[in-house]
Amino acid sequence: MSKGQQLAIDFKLTEWKTPDVYNQLRGLMKDEAEIYAFCLEFLTNNEKDSTLFHSALSYVNEEDFGQLVKIAIDILKEKESAVAESVVEYASIQLPHILHSHIDDLILLNPNGDSYYADYYWRNLPGELIAPYLERFLSANTDLETKIHLFNGLVETRDIATIESLIPHALELELSTYVSSSDYIDGYLEGVGLCREYGKVKRYCSDQTYHILFEPKYLNKPSAVHLNRTDHPTRNGTPLSTTYKMGGYLTEDDNNPFMHMITLNPIPVGLPISLPQLVLGCHLRELNENGVVFYQHDEQGIPHKIGDLMKIEWVEEKAMVPTEVQIAPTDARWVFQSWASANSRENLFRIGGEPSWVQSGEVLTCPISGEKMNFIMQLDSEIPDVEGGEVYYGSGGLCYIFWCDKTRVSGYTIQHT
């Protein structure tokens, strides 16, 4: 019996009492046959889902993941299975194309029910596969519930031509009993990297994605639950040669200090920033109390707050420890990341690409131009601060940074649970 299969059997019997369970899993990570054996045994014989299984799926190669998907769908045709549903969930995040040949089964089975990730398997669906579902959506013979489900899935494809063709019809439907159909459409669009402006659908984020890479000891801390914070592939990309300064203060102040986030010099390729460098700074205490702050930058990229400084009532965040970081172009498997599904395993310090929204999409509008801003980066919580604590965005969420190149304005917002 393989080590992977044995670990899955042991975990079924003893769960988290399995001796040194995460180190055992860590020992399987670089052996594709062993990690697949673990996942296959877990999928076919374990009734209870687990974050241990979720962790292992990140190390399954594409071909083996495709086999797991086929088995998971066969299981779901016979019975309910949270483990099989997790295979679909993580495949739809990391490798959605391996699900596209199963789309009819997935629509019928509806794995993961009404969860926020239920429609992820539609992501990047090819045009030739989109057409029959768009036709079905537009048909007068299709009932409202099916239309809503199809609308959600078709938006998830991110195919702008498709989305623009379905919006006029969607506006005539009662898509939600809580908000107008227009607001429902805008909310769905912003959740998938798109927005409406001047009657057109456009992307508000770049196609190029980078992960920010820290020195291993900078972020790492002991954890009895999750894998070591240096393990995951998103923490181990091949960095570019440039280093970027991050952390510290731009201006110290006892009540509302101006904290240095990162200086982008040079600007990473692919970002919609025309300045030669951009200094990103934020009054983090004000952000955590007020929810959004904006800055206008001069020709040297130095930020100046728009509006008066707030008097801070209750938060006491300190600046992150100054450090130098590198960035690594993101592997295709990780260009899309889900905040909740990442579950602290993955690196969510990202530049470019789509935001990993904690809640629904929330694209900022530039206070000067009145136009939708471009998303340029996000920062995760639990980064060390200068007094031995950790920087948090809300209760441990993400900070999202937007940019309007027309007015040289940066904007910050946070989301958390």
# chains A, B, ... in the order shown; residues from 1 in each chain; ligands from 1
$ select_by_dssp --residues "region 24-206 of chain A" --states "helix (DSSP H, G or I)" --output "JSON, numbers by chain"
{"A": [24, 25, 26, 27, 28, 32, 33, 34, 35, 36, 37, 38, 39, 40, 41, 42, 43, 44, 45, 51, 52, 53, 54, 55, 56, 57, 62, 63, 64, 65, 66, 67, 68, 69, 70, 71, 72, 73, 74, 75, 76, 77, 78, 82, 83, 84, 85, 86, 87, 88, 89, 90, 91, 92, 93, 94, 96, 97, 98, 99, 100, 101, 102, 103, 104, 105, 106, 107, 108, 109, 120, 121, 122, 127, 128, 129, 130, 131, 132, 133, 134, 135, 136, 137, 138, 144, 145, 146, 147, 148, 149, 150, 151, 152, 153, 154, 155, 156, 160, 161, 162, 163, 164, 165, 166, 167, 168, 169, 170, 181, 182, 183, 184, 185, 186, 187, 188, 189, 190]}
$ residues_around --residues "Asp64 (chain A)" --least-positions-apart "5" --cutoff "12 Å" --atoms "only C-alpha atoms" --output "list of chain:residue names"
A:Glu32, A:Ala33, A:Glu34, A:Ile35, A:Tyr36, A:Ala37, A:Phe38, A:Cys39, A:Leu40, A:Leu57, A:Ser58, A:Tyr59, A:Val69, A:Lys70, A:Ile71, A:Val87, A:Ala91, A:Leu95, A:Ile98
$ residues_around --residues "Ala332 (chain A)" --least-positions-apart "6" --cutoff "12 Å" --atoms "only C-alpha atoms" --output "list in words"
Glu62, Ile93, Gln94, Leu95, Pro96, His97, Asp207, Gln208, Thr209, Tyr210, His211, Pro233, Thr234, Gly237 and Gly353 of chain A
$ closest_residue --among "A:Ser2, A:Asn110, A:Ser181, A:Ser101" --to "Glu89 (chain A)" --atoms "only C-alpha atoms"
A:Asn110
$ residues_around --residues "region 134-151 of chain A" --least-positions-apart "2" --cutoff "9 Å" --atoms "only C-alpha atoms" --output "PDB file with N, CA and C atoms, in the first residue's frame"
ATOM      1  N   ASP A 119     -20.984  28.376  -9.279  1.00  0.00           N
ATOM      2  CA  ASP A 119     -20.921  28.587 -10.732  1.00  0.00           C
ATOM      3  C   ASP A 119     -19.505  28.780 -11.245  1.00  0.00           C
ATOM      4  N   ILE A 130     -20.525  28.062 -25.119  1.00  0.00           N
ATOM      5  CA  ILE A 130     -21.415  29.070 -24.539  1.00  0.00           C
ATOM      6  C   ILE A 130     -22.716  29.175 -25.326  1.00  0.00           C
ATOM      7  N   ALA A 131     -22.634  29.101 -26.633  1.00  0.00           N
ATOM      8  CA  ALA A 131     -23.755  29.432 -27.518  1.00  0.00           C
ATOM      9  C   ALA A 131     -25.078  28.768 -27.149  1.00  0.00           C
ATOM     10  N   PRO A 132     -25.139  27.454 -26.907  1.00  0.00           N
ATOM     11  CA  PRO A 132     -26.450  26.859 -26.617  1.00  0.00           C
ATOM     12  C   PRO A 132     -27.060  27.344 -25.309  1.00  0.00           C
ATOM     13  N   GLY A 153     -24.179  31.813 -14.553  1.00  0.00           N
ATOM     14  CA  GLY A 153     -23.125  31.036 -15.184  1.00  0.00           C
ATOM     15  C   GLY A 153     -22.507  31.747 -16.379  1.00  0.00           C
ATOM     16  N   LEU A 154     -23.346  32.368 -17.209  1.00  0.00           N
ATOM     17  CA  LEU A 154     -22.837  33.050 -18.399  1.00  0.00           C
ATOM     18  C   LEU A 154     -21.985  34.259 -18.035  1.00  0.00           C
ATOM     19  N   VAL A 155     -22.332  34.963 -16.966  1.00  0.00           N
ATOM     20  CA  VAL A 155     -21.477  36.059 -16.491  1.00  0.00           C
ATOM     21  C   VAL A 155     -20.142  35.503 -16.003  1.00  0.00           C
ATOM     22  N   GLU A 156     -20.190  34.352 -15.354  1.00  0.00           N
ATOM     23  CA  GLU A 156     -18.967  33.734 -14.836  1.00  0.00           C
ATOM     24  C   GLU A 156     -17.990  33.383 -15.961  1.00  0.00           C
ATOM     25  N   THR A 162     -20.738  37.914 -25.011  1.00  0.00           N
ATOM     26  CA  THR A 162     -21.886  37.157 -24.511  1.00  0.00           C
ATOM     27  C   THR A 162     -22.650  37.960 -23.470  1.00  0.00           C
ATOM     28  N   ILE A 163     -21.919  38.542 -22.545  1.00  0.00           N
ATOM     29  CA  ILE A 163     -22.554  39.271 -21.444  1.00  0.00           C
ATOM     30  C   ILE A 163     -23.305  40.485 -21.956  1.00  0.00           C
ATOM     31  N   SER A 165     -24.711  40.797 -24.767  1.00  0.00           N
ATOM     32  CA  SER A 165     -25.913  40.363 -25.480  1.00  0.00           C
ATOM     33  C   SER A 165     -27.014  39.914 -24.533  1.00  0.00           C
ATOM     34  N   LEU A 166     -26.667  39.478 -23.332  1.00  0.00           N
ATOM     35  CA  LEU A 166     -27.715  39.001 -22.424  1.00  0.00           C
ATOM     36  C   LEU A 166     -28.225  40.087 -21.481  1.00  0.00           C
ATOM     37  N   ILE A 167     -27.463  41.172 -21.271  1.00  0.00           N
ATOM     38  CA  ILE A 167     -27.867  42.197 -20.310  1.00  0.00           C
ATOM     39  C   ILE A 167     -29.218  42.840 -20.641  1.00  0.00           C
ATOM     40  N   HIS A 169     -31.848  41.682 -22.015  1.00  0.00           N
ATOM     41  CA  HIS A 169     -32.910  40.755 -21.630  1.00  0.00           C
ATOM     42  C   HIS A 169     -32.948  40.588 -20.118  1.00  0.00           C
ATOM     43  N   ALA A 170     -31.774  40.514 -19.484  1.00  0.00           N
ATOM     44  CA  ALA A 170     -31.717  40.323 -18.030  1.00  0.00           C
ATOM     45  C   ALA A 170     -32.349  41.498 -17.288  1.00  0.00           C
ATOM     46  N   LEU A 173     -35.970  41.089 -16.386  1.00  0.00           N
ATOM     47  CA  LEU A 173     -36.340  40.004 -15.479  1.00  0.00           C
ATOM     48  C   LEU A 173     -36.241  40.449 -14.030  1.00  0.00           C
ATOM     49  N   GLU A 174     -36.962  39.773 -13.167  1.00  0.00           N
ATOM     50  CA  GLU A 174     -36.818  40.000 -11.730  1.00  0.00           C
ATOM     51  C   GLU A 174     -35.743  39.026 -11.223  1.00  0.00           C
ATOM     52  N   LEU A 175     -34.496  39.480 -11.320  1.00  0.00           N
ATOM     53  CA  LEU A 175     -33.379  38.616 -10.969  1.00  0.00           C
ATOM     54  C   LEU A 175     -33.234  38.435  -9.469  1.00  0.00           C
ATOM     55  N   SER A 176     -33.760  39.372  -8.694  1.00  0.00           N
ATOM     56  CA  SER A 176     -33.641  39.309  -7.243  1.00  0.00           C
ATOM     57  C   SER A 176     -34.831  40.007  -6.604  1.00  0.00           C
TER      58      SER A 176
END
$ residues_around --residues "Glu80 (chain A)" --least-positions-apart "6" --cutoff "12 Å" --atoms "only C-alpha atoms" --output "PyMOL selection string"
chain A and resi 47-49+72-74+86+109-113
$ atom_distance --atom1 "CA of Val201 (chain A)" --atom2 "CA of Asn374 (chain A)"
13.6 Å
$ residues_around --residues "region 245-251 of chain A" --least-positions-apart "4" --cutoff "10 Å" --atoms "only C-alpha atoms" --output "short mmCIF file (atom, residue, chain, number, x, y, z; two decimals) with N, CA and C atoms, in the first residue's frame"
data_model
loop_
_atom_site.label_atom_id
_atom_site.label_comp_id
_atom_site.auth_asym_id
_atom_site.auth_seq_id
_atom_site.Cartn_x
_atom_site.Cartn_y
_atom_site.Cartn_z
N ASN A 256 -3.24 59.13 13.68
CA ASN A 256 -3.60 58.66 12.34
C ASN A 256 -2.37 58.65 11.44
N PRO A 257 -1.43 57.73 11.66
CA PRO A 257 -0.18 57.71 10.89
C PRO A 257 -0.41 57.33 9.42
N PHE A 258 0.49 57.82 8.59
CA PHE A 258 0.46 57.56 7.15
C PHE A 258 1.43 56.41 6.88
N MET A 259 0.91 55.24 6.55
CA MET A 259 1.71 54.04 6.46
C MET A 259 2.11 53.74 5.02
N HIS A 260 3.37 53.37 4.85
CA HIS A 260 3.88 53.02 3.53
C HIS A 260 3.47 51.59 3.21
N MET A 261 2.79 51.40 2.10
CA MET A 261 2.39 50.06 1.68
C MET A 261 3.46 49.44 0.80
N ILE A 262 3.74 50.06 -0.35
CA ILE A 262 4.77 49.56 -1.25
C ILE A 262 5.12 50.67 -2.24
N THR A 263 6.36 50.70 -2.68
CA THR A 263 6.77 51.60 -3.75
C THR A 263 7.02 50.77 -5.00
N LEU A 264 6.25 51.02 -6.02
CA LEU A 264 6.38 50.31 -7.29
C LEU A 264 7.33 51.08 -8.19
N ASN A 265 8.58 50.68 -8.19
CA ASN A 265 9.62 51.32 -8.99
C ASN A 265 10.63 50.25 -9.41
N VAL A 279 4.30 55.50 -5.35
CA VAL A 279 4.40 55.25 -3.91
C VAL A 279 2.99 55.08 -3.37
N LEU A 280 2.72 53.92 -2.84
CA LEU A 280 1.38 53.65 -2.30
C LEU A 280 1.45 53.72 -0.78
N GLY A 281 0.68 54.64 -0.23
CA GLY A 281 0.60 54.80 1.21
C GLY A 281 -0.84 54.96 1.64
N CYS A 282 -1.12 54.63 2.90
CA CYS A 282 -2.51 54.62 3.36
C CYS A 282 -2.57 54.96 4.84
N HIS A 283 -3.57 55.74 5.21
CA HIS A 283 -3.89 55.94 6.63
C HIS A 283 -4.75 54.75 7.05
N ILE A 302 4.17 60.50 -5.56
CA ILE A 302 4.00 60.64 -4.11
C ILE A 302 2.53 60.91 -3.79
N PRO A 303 1.95 60.21 -2.81
CA PRO A 303 0.52 60.37 -2.52
C PRO A 303 0.23 61.52 -1.56
N LYS A 318 -0.59 49.43 13.56
CA LYS A 318 0.76 49.94 13.36
C LYS A 318 1.20 49.60 11.93
N ALA A 319 2.28 50.22 11.51
CA ALA A 319 2.81 49.95 10.16
C ALA A 319 3.39 48.55 10.09
N MET A 320 3.37 47.98 8.88
CA MET A 320 4.02 46.69 8.69
C MET A 320 5.54 46.86 8.78
N VAL A 321 6.21 45.82 9.22
CA VAL A 321 7.66 45.84 9.33
C VAL A 321 8.27 46.13 7.96
N PRO A 322 9.17 47.12 7.87
CA PRO A 322 9.80 47.40 6.56
C PRO A 322 10.55 46.18 6.03
N THR A 323 10.43 45.95 4.76
CA THR A 323 11.09 44.82 4.13
C THR A 323 11.26 45.08 2.65
N GLU A 324 11.99 44.24 1.98
CA GLU A 324 12.06 44.25 0.53
C GLU A 324 11.46 42.97 0.00
N VAL A 325 10.66 43.09 -1.05
CA VAL A 325 9.97 41.93 -1.61
C VAL A 325 10.30 41.82 -3.09
N GLN A 326 10.03 40.66 -3.63
CA GLN A 326 10.10 40.45 -5.07
C GLN A 326 8.70 40.07 -5.56
N ILE A 383 0.21 40.28 8.44
CA ILE A 383 1.58 40.64 8.13
C ILE A 383 2.16 41.29 9.37
N PRO A 384 3.43 41.05 9.72
CA PRO A 384 3.96 41.55 10.99
C PRO A 384 4.03 43.07 11.04
N ASP A 385 3.68 43.64 12.21
CA ASP A 385 3.79 45.09 12.37
C ASP A 385 5.03 45.44 13.19
N VAL A 386 5.31 46.73 13.27
CA VAL A 386 6.58 47.19 13.84
C VAL A 386 6.66 47.04 15.35
#
$ residues_around --residues "Lys3 (chain A)" --least-positions-apart "2" --cutoff "8 Å" --atoms "only C-alpha atoms" --output "number ranges by chain"
A: 1, 5-7, 28, 34, 38
$ select_by_dssp --residues "region 212-319 of chain A" --states "strand (DSSP E)" --output "NGL selection string"
:A and (212-213 or 244-246 or 249-251 or 258-264 or 278-282 or 292-297 or 303-305)
$ closest_residue --among "A:Leu52, A:Leu125, A:Val60, A:Glu299" --to "Pro276 (chain A)" --atoms "only C-alpha atoms"
A:Glu299
$ closest_residue --among "A:Cys205, A:Leu219, A:Val292, A:Val391" --to "Asn347 (chain A)" --atoms "only C-alpha atoms"
A:Leu219
$ atom_distance --atom1 "CA of Ile351 (chain A)" --atom2 "CA of Ile212 (chain A)"
7.2 Å
$ decode --residues "region 107-225 of chain A" --atoms "C-alpha atoms" --output "PDB file, in the first residue's frame"
ATOM      1  CA  ILE A 107     -25.671  21.936 -14.472  1.00  0.00           C
ATOM      2  CA  LEU A 108     -27.919  18.953 -13.751  1.00  0.00           C
ATOM      3  CA  LEU A 109     -26.162  17.878 -10.550  1.00  0.00           C
ATOM      4  CA  ASN A 110     -25.633  21.437  -9.256  1.00  0.00           C
ATOM      5  CA  PRO A 111     -22.768  20.518  -6.918  1.00  0.00           C
ATOM      6  CA  ASN A 112     -22.175  22.977  -4.079  1.00  0.00           C
ATOM      7  CA  GLY A 113     -25.784  24.165  -4.348  1.00  0.00           C
ATOM      8  CA  ASP A 114     -26.237  27.856  -3.599  1.00  0.00           C
ATOM      9  CA  SER A 115     -22.673  28.470  -2.406  1.00  0.00           C
ATOM     10  CA  TYR A 116     -20.796  31.478  -3.750  1.00  0.00           C
ATOM     11  CA  TYR A 117     -18.521  29.156  -5.759  1.00  0.00           C
ATOM     12  CA  ALA A 118     -21.306  27.024  -7.254  1.00  0.00           C
ATOM     13  CA  ASP A 119     -20.921  28.587 -10.732  1.00  0.00           C
ATOM     14  CA  TYR A 120     -17.136  28.782 -10.864  1.00  0.00           C
ATOM     15  CA  TYR A 121     -17.002  25.882 -13.319  1.00  0.00           C
ATOM     16  CA  TRP A 122     -18.353  28.208 -16.030  1.00  0.00           C
ATOM     17  CA  ARG A 123     -15.189  30.325 -15.854  1.00  0.00           C
ATOM     18  CA  ASN A 124     -13.511  30.824 -19.256  1.00  0.00           C
ATOM     19  CA  LEU A 125     -15.968  28.500 -21.003  1.00  0.00           C
ATOM     20  CA  PRO A 126     -15.111  28.510 -24.757  1.00  0.00           C
ATOM     21  CA  GLY A 127     -17.440  30.355 -27.114  1.00  0.00           C
ATOM     22  CA  GLU A 128     -18.581  27.234 -28.947  1.00  0.00           C
ATOM     23  CA  LEU A 129     -19.802  25.800 -25.638  1.00  0.00           C
ATOM     24  CA  ILE A 130     -21.415  29.070 -24.539  1.00  0.00           C
ATOM     25  CA  ALA A 131     -23.755  29.432 -27.518  1.00  0.00           C
ATOM     26  CA  PRO A 132     -26.450  26.859 -26.617  1.00  0.00           C
ATOM     27  CA  TYR A 133     -26.763  28.190 -23.064  1.00  0.00           C
ATOM     28  CA  LEU A 134     -27.073  31.771 -24.263  1.00  0.00           C
ATOM     29  CA  GLU A 135     -29.775  30.635 -26.701  1.00  0.00           C
ATOM     30  CA  ARG A 136     -31.569  28.869 -23.863  1.00  0.00           C
ATOM     31  CA  PHE A 137     -31.336  31.977 -21.685  1.00  0.00           C
ATOM     32  CA  LEU A 138     -32.821  34.153 -24.413  1.00  0.00           C
ATOM     33  CA  SER A 139     -35.657  31.724 -25.154  1.00  0.00           C
ATOM     34  CA  ALA A 140     -39.162  32.778 -24.098  1.00  0.00           C
ATOM     35  CA  ASN A 141     -39.825  29.158 -23.121  1.00  0.00           C
ATOM     36  CA  THR A 142     -37.187  29.113 -20.369  1.00  0.00           C
ATOM     37  CA  ASP A 143     -38.526  29.611 -16.827  1.00  0.00           C
ATOM     38  CA  LEU A 144     -37.249  32.412 -14.578  1.00  0.00           C
ATOM     39  CA  GLU A 145     -35.352  30.192 -12.139  1.00  0.00           C
ATOM     40  CA  THR A 146     -33.421  28.585 -14.992  1.00  0.00           C
ATOM     41  CA  LYS A 147     -32.775  31.995 -16.565  1.00  0.00           C
ATOM     42  CA  ILE A 148     -31.263  33.278 -13.314  1.00  0.00           C
ATOM     43  CA  HIS A 149     -29.034  30.230 -13.028  1.00  0.00           C
ATOM     44  CA  LEU A 150     -27.959  30.585 -16.667  1.00  0.00           C
ATOM     45  CA  PHE A 151     -27.357  34.315 -16.241  1.00  0.00           C
ATOM     46  CA  ASN A 152     -25.052  33.694 -13.291  1.00  0.00           C
ATOM     47  CA  GLY A 153     -23.125  31.036 -15.184  1.00  0.00           C
ATOM     48  CA  LEU A 154     -22.837  33.050 -18.399  1.00  0.00           C
ATOM     49  CA  VAL A 155     -21.477  36.059 -16.491  1.00  0.00           C
ATOM     50  CA  GLU A 156     -18.967  33.734 -14.836  1.00  0.00           C
ATOM     51  CA  THR A 157     -17.558  32.927 -18.320  1.00  0.00           C
ATOM     52  CA  ARG A 158     -16.239  36.507 -18.463  1.00  0.00           C
ATOM     53  CA  ASP A 159     -16.968  36.574 -22.195  1.00  0.00           C
ATOM     54  CA  ILE A 160     -17.789  40.239 -22.763  1.00  0.00           C
ATOM     55  CA  ALA A 161     -19.640  39.788 -26.072  1.00  0.00           C
ATOM     56  CA  THR A 162     -21.886  37.157 -24.511  1.00  0.00           C
ATOM     57  CA  ILE A 163     -22.554  39.271 -21.444  1.00  0.00           C
ATOM     58  CA  GLU A 164     -23.409  42.379 -23.443  1.00  0.00           C
ATOM     59  CA  SER A 165     -25.913  40.363 -25.480  1.00  0.00           C
ATOM     60  CA  LEU A 166     -27.715  39.001 -22.424  1.00  0.00           C
ATOM     61  CA  ILE A 167     -27.867  42.197 -20.310  1.00  0.00           C
ATOM     62  CA  PRO A 168     -30.802  43.879 -22.161  1.00  0.00           C
ATOM     63  CA  HIS A 169     -32.910  40.755 -21.630  1.00  0.00           C
ATOM     64  CA  ALA A 170     -31.717  40.323 -18.030  1.00  0.00           C
ATOM     65  CA  LEU A 171     -32.797  43.881 -17.187  1.00  0.00           C
ATOM     66  CA  GLU A 172     -36.387  42.896 -17.977  1.00  0.00           C
ATOM     67  CA  LEU A 173     -36.340  40.004 -15.479  1.00  0.00           C
ATOM     68  CA  GLU A 174     -36.818  40.000 -11.730  1.00  0.00           C
ATOM     69  CA  LEU A 175     -33.379  38.616 -10.969  1.00  0.00           C
ATOM     70  CA  SER A 176     -33.641  39.309  -7.243  1.00  0.00           C
ATOM     71  CA  THR A 177     -36.292  40.205  -4.674  1.00  0.00           C
ATOM     72  CA  TYR A 178     -33.729  42.232  -2.699  1.00  0.00           C
ATOM     73  CA  VAL A 179     -32.180  44.599  -5.259  1.00  0.00           C
ATOM     74  CA  SER A 180     -33.065  45.911  -8.717  1.00  0.00           C
ATOM     75  CA  SER A 181     -32.056  43.846 -11.706  1.00  0.00           C
ATOM     76  CA  SER A 182     -29.607  46.585 -12.678  1.00  0.00           C
ATOM     77  CA  ASP A 183     -27.893  46.420  -9.289  1.00  0.00           C
ATOM     78  CA  TYR A 184     -27.909  42.618  -9.410  1.00  0.00           C
ATOM     79  CA  ILE A 185     -26.190  42.686 -12.812  1.00  0.00           C
ATOM     80  CA  ASP A 186     -23.587  45.207 -11.649  1.00  0.00           C
ATOM     81  CA  GLY A 187     -22.883  43.149  -8.533  1.00  0.00           C
ATOM     82  CA  TYR A 188     -22.342  39.983 -10.527  1.00  0.00           C
ATOM     83  CA  LEU A 189     -20.140  41.748 -13.056  1.00  0.00           C
ATOM     84  CA  GLU A 190     -17.902  43.306 -10.404  1.00  0.00           C
ATOM     85  CA  GLY A 191     -17.501  39.908  -8.784  1.00  0.00           C
ATOM     86  CA  VAL A 192     -15.847  38.532 -11.945  1.00  0.00           C
ATOM     87  CA  GLY A 193     -13.493  41.372 -12.861  1.00  0.00           C
ATOM     88  CA  LEU A 194     -15.959  43.322 -15.045  1.00  0.00           C
ATOM     89  CA  CYS A 195     -18.050  46.471 -14.734  1.00  0.00           C
ATOM     90  CA  ARG A 196     -20.490  48.552 -16.754  1.00  0.00           C
ATOM     91  CA  GLU A 197     -19.604  52.102 -17.764  1.00  0.00           C
ATOM     92  CA  TYR A 198     -21.058  54.313 -20.484  1.00  0.00           C
ATOM     93  CA  GLY A 199     -23.235  51.418 -21.624  1.00  0.00           C
ATOM     94  CA  LYS A 200     -20.309  49.065 -22.174  1.00  0.00           C
ATOM     95  CA  VAL A 201     -18.939  46.112 -20.251  1.00  0.00           C
ATOM     96  CA  LYS A 202     -15.199  46.305 -19.562  1.00  0.00           C
ATOM     97  CA  ARG A 203     -12.539  44.687 -17.424  1.00  0.00           C
ATOM     98  CA  TYR A 204     -11.416  46.750 -14.450  1.00  0.00           C
ATOM     99  CA  CYS A 205      -8.327  44.632 -13.843  1.00  0.00           C
ATOM    100  CA  SER A 206      -5.247  43.680 -15.830  1.00  0.00           C
ATOM    101  CA  ASP A 207      -4.600  40.323 -17.458  1.00  0.00           C
ATOM    102  CA  GLN A 208      -1.093  40.179 -15.971  1.00  0.00           C
ATOM    103  CA  THR A 209      -0.923  38.837 -12.418  1.00  0.00           C
ATOM    104  CA  TYR A 210       1.994  38.709  -9.989  1.00  0.00           C
ATOM    105  CA  HIS A 211       2.405  37.289  -6.511  1.00  0.00           C
ATOM    106  CA  ILE A 212       4.389  39.225  -3.938  1.00  0.00           C
ATOM    107  CA  LEU A 213       7.129  37.043  -2.461  1.00  0.00           C
ATOM    108  CA  PHE A 214       8.486  37.658   1.028  1.00  0.00           C
ATOM    109  CA  GLU A 215      11.540  36.240   2.706  1.00  0.00           C
ATOM    110  CA  PRO A 216      10.393  32.923   4.266  1.00  0.00           C
ATOM    111  CA  LYS A 217      10.880  34.043   7.874  1.00  0.00           C
ATOM    112  CA  TYR A 218       9.020  37.320   7.370  1.00  0.00           C
ATOM    113  CA  LEU A 219       5.496  35.879   7.232  1.00  0.00           C
ATOM    114  CA  ASN A 220       5.898  32.441   8.718  1.00  0.00           C
ATOM    115  CA  LYS A 221       4.465  31.593  12.100  1.00  0.00           C
ATOM    116  CA  PRO A 222       3.645  28.288  13.782  1.00  0.00           C
ATOM    117  CA  SER A 223       0.254  26.857  12.898  1.00  0.00           C
ATOM    118  CA  ALA A 224      -1.383  23.687  14.169  1.00  0.00           C
ATOM    119  CA  VAL A 225      -4.001  23.768  11.408  1.00  0.00           C
TER     120      VAL A 225
END
